[in-house]
Amino acid sequence: MQGVIAAVPTPVTAHGAPMRALFQEHCAWALAHGCDGLNILGSTGEANSFDTASRIEVMGWAAEVCPKEQLMVGTGTPSLAETIALTRAADALGYRVALVLPPYYYKPVSEAGLVSWYMALHAALSDCAIQIYFYNFPQMTGLVIPVSVIENLAMQAPARFTGIKDSSGDLDYCREIVALDRRLRVFPSSETALAHARADGFAGCISATVNVTAPLCAQVWAGDTAPETEIARQRTAIAGPTLIPGVKHLVSARTGDAAWRQTLPPFQPLSPEAAADLEQALNGHQ
């Protein structure tokens with residue numbers, strides 16, 4: 001996995017069920033318009049608001065229409081058993097990479113506890129080829145995965161623990177991981193890091209706003225830094241507390257399908273006023 005990766009949203013019905021056709025269309029659109037890969041069922045995909053059966057169903061939909069080597073999927077939950085089940089399901093569908101949150105409910109979590117949890121996951125995947133990327137998102141989980149834990153696990157099981165998505169926004173943290181093991185695939189969560197990604201040793205980015213900025217991001221990843229300022233402007237307009245409803249609204253605007261605006265609680269769809277403000281912020285300076 002490398003390059004521009006979109007953390008894709010999941011369309012839902014008014015009753016909260018995922019919608020196959022809309023989801024598959026957007027996955028295909030993203031790969032055709034600048035994305036090198038897709039992160040299915042991450043935070044942007046509202047994964048933690050779905051039950052296990054729905055998550056496995058959505059995994060299958062992506063695997064039907066996308067090359068497996070371009071897919072990663074979020075499978076981490078506070079439950080080790082559920083994480084194992086989701087990750088084994090992903091492996092059976094041909095996914096190469098699972099993005100796994102740390103067990104975040106019981107805090108504080110010791111380093112030894114984190115290592116034992118991830119190694120228990122590794123042991124339960126003994127007959128599976130799927131690789132694990134750590135998912136560091138302290139704003140949501142309330143904990144930072146220590147670099148020493150990542151180093152420990154990558155040393156114990158180098159074929160299993162092969163990368164990380166960091167959503168903390170701390171590029172020094174990302175650089176520290178690169179420095180300890182150049183084999184680890186390190187993905188910051190902002191496409192604004194792309195222009196210097198290769199110099200920093202990053203493998204690319206995994207971002208929610210790439211669902212909108214992908215065509216520009218592809219240019220930057222290919223070496224053209226001209227769109228860098230415009231990417232930063234668009235990301236600033238979209239990012240914030242309403243990031244996920246905002247991304248869904250913009251996909252709705254692209255497709256002309258109002259169903260995309262629906263979210264799972266506790267998220268709320270953008271109000272007409274907020275939607276108008278978002279579109280004005282995106283388009284007002286172009």
# chains A, B, ... in the order shown; residues from 1 in each chain; ligands from 1
>>> residues_around(residues="A:Ala275", least_positions_apart="4", cutoff="10 Å", atoms="only C-alpha atoms", output="MDAnalysis selection string")
chainID A and resid 245:246 249:250 269:271 279:281
>>> write_last_selection(atoms="all heavy atoms", output="PDB file, in the first residue's frame")
ATOM      1  N   PRO A 245     -20.172  14.228   8.222  1.00  0.00           N
ATOM      2  CA  PRO A 245     -21.357  14.707   7.496  1.00  0.00           C
ATOM      3  C   PRO A 245     -20.990  15.586   6.300  1.00  0.00           C
ATOM      4  O   PRO A 245     -21.671  15.561   5.266  1.00  0.00           O
ATOM      5  CB  PRO A 245     -22.117  15.503   8.554  1.00  0.00           C
ATOM      6  CG  PRO A 245     -21.672  14.938   9.855  1.00  0.00           C
ATOM      7  CD  PRO A 245     -20.226  14.578   9.645  1.00  0.00           C
ATOM      8  N   GLY A 246     -19.893  16.350   6.430  1.00  0.00           N
ATOM      9  CA  GLY A 246     -19.474  17.205   5.330  1.00  0.00           C
ATOM     10  C   GLY A 246     -19.007  16.416   4.128  1.00  0.00           C
ATOM     11  O   GLY A 246     -19.376  16.716   2.981  1.00  0.00           O
ATOM     12  N   HIS A 249     -21.999  14.964   2.485  1.00  0.00           N
ATOM     13  CA  HIS A 249     -22.734  15.964   1.717  1.00  0.00           C
ATOM     14  C   HIS A 249     -22.063  16.218   0.373  1.00  0.00           C
ATOM     15  O   HIS A 249     -22.741  16.332  -0.662  1.00  0.00           O
ATOM     16  CB  HIS A 249     -22.824  17.280   2.491  1.00  0.00           C
ATOM     17  CG  HIS A 249     -23.425  18.391   1.685  1.00  0.00           C
ATOM     18  ND1 HIS A 249     -24.784  18.537   1.518  1.00  0.00           N
ATOM     19  CD2 HIS A 249     -22.840  19.377   0.946  1.00  0.00           C
ATOM     20  CE1 HIS A 249     -25.018  19.576   0.733  1.00  0.00           C
ATOM     21  NE2 HIS A 249     -23.850  20.096   0.374  1.00  0.00           N
ATOM     22  N   LEU A 250     -20.738  16.286   0.367  1.00  0.00           N
ATOM     23  CA  LEU A 250     -20.033  16.567  -0.878  1.00  0.00           C
ATOM     24  C   LEU A 250     -20.107  15.396  -1.851  1.00  0.00           C
ATOM     25  O   LEU A 250     -20.169  15.608  -3.067  1.00  0.00           O
ATOM     26  CB  LEU A 250     -18.586  16.941  -0.570  1.00  0.00           C
ATOM     27  CG  LEU A 250     -18.439  18.275   0.188  1.00  0.00           C
ATOM     28  CD1 LEU A 250     -17.014  18.458   0.674  1.00  0.00           C
ATOM     29  CD2 LEU A 250     -18.880  19.442  -0.673  1.00  0.00           C
ATOM     30  N   PRO A 269     -26.869  14.899   9.800  1.00  0.00           N
ATOM     31  CA  PRO A 269     -26.595  15.486   8.483  1.00  0.00           C
ATOM     32  C   PRO A 269     -26.399  17.004   8.602  1.00  0.00           C
ATOM     33  O   PRO A 269     -26.925  17.639   9.514  1.00  0.00           O
ATOM     34  CB  PRO A 269     -27.850  15.153   7.677  1.00  0.00           C
ATOM     35  CG  PRO A 269     -28.495  14.017   8.402  1.00  0.00           C
ATOM     36  CD  PRO A 269     -28.157  14.196   9.855  1.00  0.00           C
ATOM     37  N   LEU A 270     -25.647  17.557   7.684  1.00  0.00           N
ATOM     38  CA  LEU A 270     -25.478  19.002   7.687  1.00  0.00           C
ATOM     39  C   LEU A 270     -26.823  19.697   7.503  1.00  0.00           C
ATOM     40  O   LEU A 270     -27.651  19.269   6.703  1.00  0.00           O
ATOM     41  CB  LEU A 270     -24.544  19.435   6.559  1.00  0.00           C
ATOM     42  CG  LEU A 270     -23.064  19.051   6.642  1.00  0.00           C
ATOM     43  CD1 LEU A 270     -22.299  19.750   5.518  1.00  0.00           C
ATOM     44  CD2 LEU A 270     -22.455  19.381   7.985  1.00  0.00           C
ATOM     45  N   SER A 271     -27.025  20.768   8.226  1.00  0.00           N
ATOM     46  CA  SER A 271     -28.201  21.608   8.000  1.00  0.00           C
ATOM     47  C   SER A 271     -28.046  22.294   6.646  1.00  0.00           C
ATOM     48  O   SER A 271     -26.932  22.415   6.116  1.00  0.00           O
ATOM     49  CB  SER A 271     -28.315  22.659   9.092  1.00  0.00           C
ATOM     50  OG  SER A 271     -27.237  23.580   8.993  1.00  0.00           O
ATOM     51  N   GLU A 279     -20.115  24.580   0.903  1.00  0.00           N
ATOM     52  CA  GLU A 279     -19.944  24.708  -0.543  1.00  0.00           C
ATOM     53  C   GLU A 279     -19.351  26.068  -0.904  1.00  0.00           C
ATOM     54  O   GLU A 279     -18.503  26.174  -1.798  1.00  0.00           O
ATOM     55  CB  GLU A 279     -21.282  24.483  -1.236  1.00  0.00           C
ATOM     56  CG  GLU A 279     -21.765  23.035  -1.117  1.00  0.00           C
ATOM     57  CD  GLU A 279     -23.068  22.789  -1.853  1.00  0.00           C
ATOM     58  OE1 GLU A 279     -23.507  23.676  -2.610  1.00  0.00           O
ATOM     59  OE2 GLU A 279     -23.656  21.707  -1.662  1.00  0.00           O
ATOM     60  N   GLN A 280     -19.759  27.107  -0.200  1.00  0.00           N
ATOM     61  CA  GLN A 280     -19.191  28.433  -0.451  1.00  0.00           C
ATOM     62  C   GLN A 280     -17.715  28.467  -0.080  1.00  0.00           C
ATOM     63  O   GLN A 280     -16.901  29.034  -0.808  1.00  0.00           O
ATOM     64  CB  GLN A 280     -19.955  29.493   0.347  1.00  0.00           C
ATOM     65  CG  GLN A 280     -19.464  30.915   0.076  1.00  0.00           C
ATOM     66  CD  GLN A 280     -20.272  31.948   0.826  1.00  0.00           C
ATOM     67  OE1 GLN A 280     -21.163  31.630   1.592  1.00  0.00           O
ATOM     68  NE2 GLN A 280     -19.958  33.215   0.599  1.00  0.00           N
ATOM     69  N   ALA A 281     -17.360  27.847   1.036  1.00  0.00           N
ATOM     70  CA  ALA A 281     -15.954  27.811   1.444  1.00  0.00           C
ATOM     71  C   ALA A 281     -15.105  27.056   0.426  1.00  0.00           C
ATOM     72  O   ALA A 281     -13.957  27.431   0.154  1.00  0.00           O
ATOM     73  CB  ALA A 281     -15.825  27.165   2.821  1.00  0.00           C
TER      74      ALA A 281
END
>>> residues_around(residues="stretch 133-149 of chain A", least_positions_apart="2", cutoff="6 Å", atoms="only C-alpha atoms", output="number ranges by chain")
A: 99-101, 104, 151-152, 162-168
>>> select_by_dssp(residues="stretch 14-212 of chain A", states="helix (DSSP H, G or I)", output="JSON, numbers by chain")
{"A": [20, 21, 22, 23, 24, 25, 26, 27, 28, 29, 30, 31, 32, 47, 48, 49, 52, 53, 54, 55, 56, 57, 58, 59, 60, 61, 62, 63, 64, 65, 68, 69, 70, 80, 81, 82, 83, 84, 85, 86, 87, 88, 89, 90, 91, 92, 111, 112, 113, 114, 115, 116, 117, 118, 119, 120, 121, 122, 123, 124, 138, 139, 140, 141, 147, 148, 149, 150, 151, 152, 153, 154, 155, 156, 171, 172, 173, 174, 175, 176, 177, 178, 179, 180, 191, 192, 193, 194, 195, 196, 197, 198, 199, 200, 210, 211, 212]}
>>> select_by_dssp(residues="stretch 115-160 of chain A", states="strand (DSSP E or B)", output="JSON, numbers by chain")
{"A": [131, 132, 133, 134, 135, 136]}
>>> write_last_selection(atoms="C-alpha atoms", output="short mmCIF file (atom, residue, chain, number, x, y, z; two decimals), in the first residue's frame")
data_model
loop_
_atom_site.label_atom_id
_atom_site.label_comp_id
_atom_site.auth_asym_id
_atom_site.auth_seq_id
_atom_site.Cartn_x
_atom_site.Cartn_y
_atom_site.Cartn_z
CA GLN A 131 -1.04 -7.68 7.56
CA ILE A 132 -1.86 -5.36 10.45
CA TYR A 133 -1.42 -1.60 10.37
CA PHE A 134 -1.74 0.15 13.72
CA TYR A 135 -4.36 2.90 13.87
CA ASN A 136 -3.24 5.72 16.14
#
>>> closest_atom_pairs(of="stretch 19-39 of chain A", to="stretch 68-80 of chain A", cutoff="6 Å", atoms="only C-alpha atoms", output="tab-separated table")
residue	atom	partner	partner_atom	distance
A:Gly37	CA	A:Gln70	CA	4.3
A:Leu38	CA	A:Leu71	CA	5.1
A:Asn39	CA	A:Met72	CA	4.9
>>> atom_distance(atom1="atom CA of A:Arg261", atom2="atom CA of A:Ala28")
19.0 Å
>>> closest_residue(among="A:Ala124, A:Val212, A:Val12, A:Val247", to="A:Ala232", atoms="only C-alpha atoms")
A:Val212
>>> residues_around(residues="A:Gln234", least_positions_apart="5", cutoff="9 Å", atoms="only C-alpha atoms", output="list of chain:residue names")
A:Thr209, A:Val212, A:Thr213, A:Thr229, A:Ala239, A:Ala281, A:Leu282, A:Asn283
>>> write_last_selection(atoms="N, CA and C atoms", output="PDB file, in the first residue's frame")
ATOM      1  N   THR A 209     -10.653  13.676   3.651  1.00  0.00           N
ATOM      2  CA  THR A 209     -10.873  14.738   2.670  1.00  0.00           C
ATOM      3  C   THR A 209     -10.365  14.370   1.284  1.00  0.00           C
ATOM      4  N   VAL A 212     -12.588  14.151  -1.702  1.00  0.00           N
ATOM      5  CA  VAL A 212     -12.846  15.353  -2.498  1.00  0.00           C
ATOM      6  C   VAL A 212     -11.587  15.803  -3.225  1.00  0.00           C
ATOM      7  N   THR A 213     -10.449  15.750  -2.567  1.00  0.00           N
ATOM      8  CA  THR A 213      -9.208  16.316  -3.108  1.00  0.00           C
ATOM      9  C   THR A 213      -8.370  15.332  -3.915  1.00  0.00           C
ATOM     10  N   THR A 229      -1.186  24.283  -2.341  1.00  0.00           N
ATOM     11  CA  THR A 229      -1.920  25.327  -1.625  1.00  0.00           C
ATOM     12  C   THR A 229      -3.423  25.120  -1.729  1.00  0.00           C
ATOM     13  N   ALA A 239     -12.503  19.985   6.888  1.00  0.00           N
ATOM     14  CA  ALA A 239     -12.155  19.381   8.175  1.00  0.00           C
ATOM     15  C   ALA A 239     -12.828  20.117   9.326  1.00  0.00           C
ATOM     16  N   ALA A 281     -17.360  27.847   1.036  1.00  0.00           N
ATOM     17  CA  ALA A 281     -15.954  27.811   1.444  1.00  0.00           C
ATOM     18  C   ALA A 281     -15.105  27.056   0.426  1.00  0.00           C
ATOM     19  N   LEU A 282     -15.663  25.982  -0.124  1.00  0.00           N
ATOM     20  CA  LEU A 282     -14.908  25.197  -1.107  1.00  0.00           C
ATOM     21  C   LEU A 282     -14.774  25.919  -2.430  1.00  0.00           C
ATOM     22  N   ASN A 283     -15.824  26.589  -2.858  1.00  0.00           N
ATOM     23  CA  ASN A 283     -15.869  27.130  -4.218  1.00  0.00           C
ATOM     24  C   ASN A 283     -15.606  28.623  -4.302  1.00  0.00           C
TER      25      ASN A 283
END
>>> residues_around(residues="A:Cys128", least_positions_apart="3", cutoff="8 Å", atoms="only C-alpha atoms", output="PyMOL selection string")
chain A and resi 88+91+125
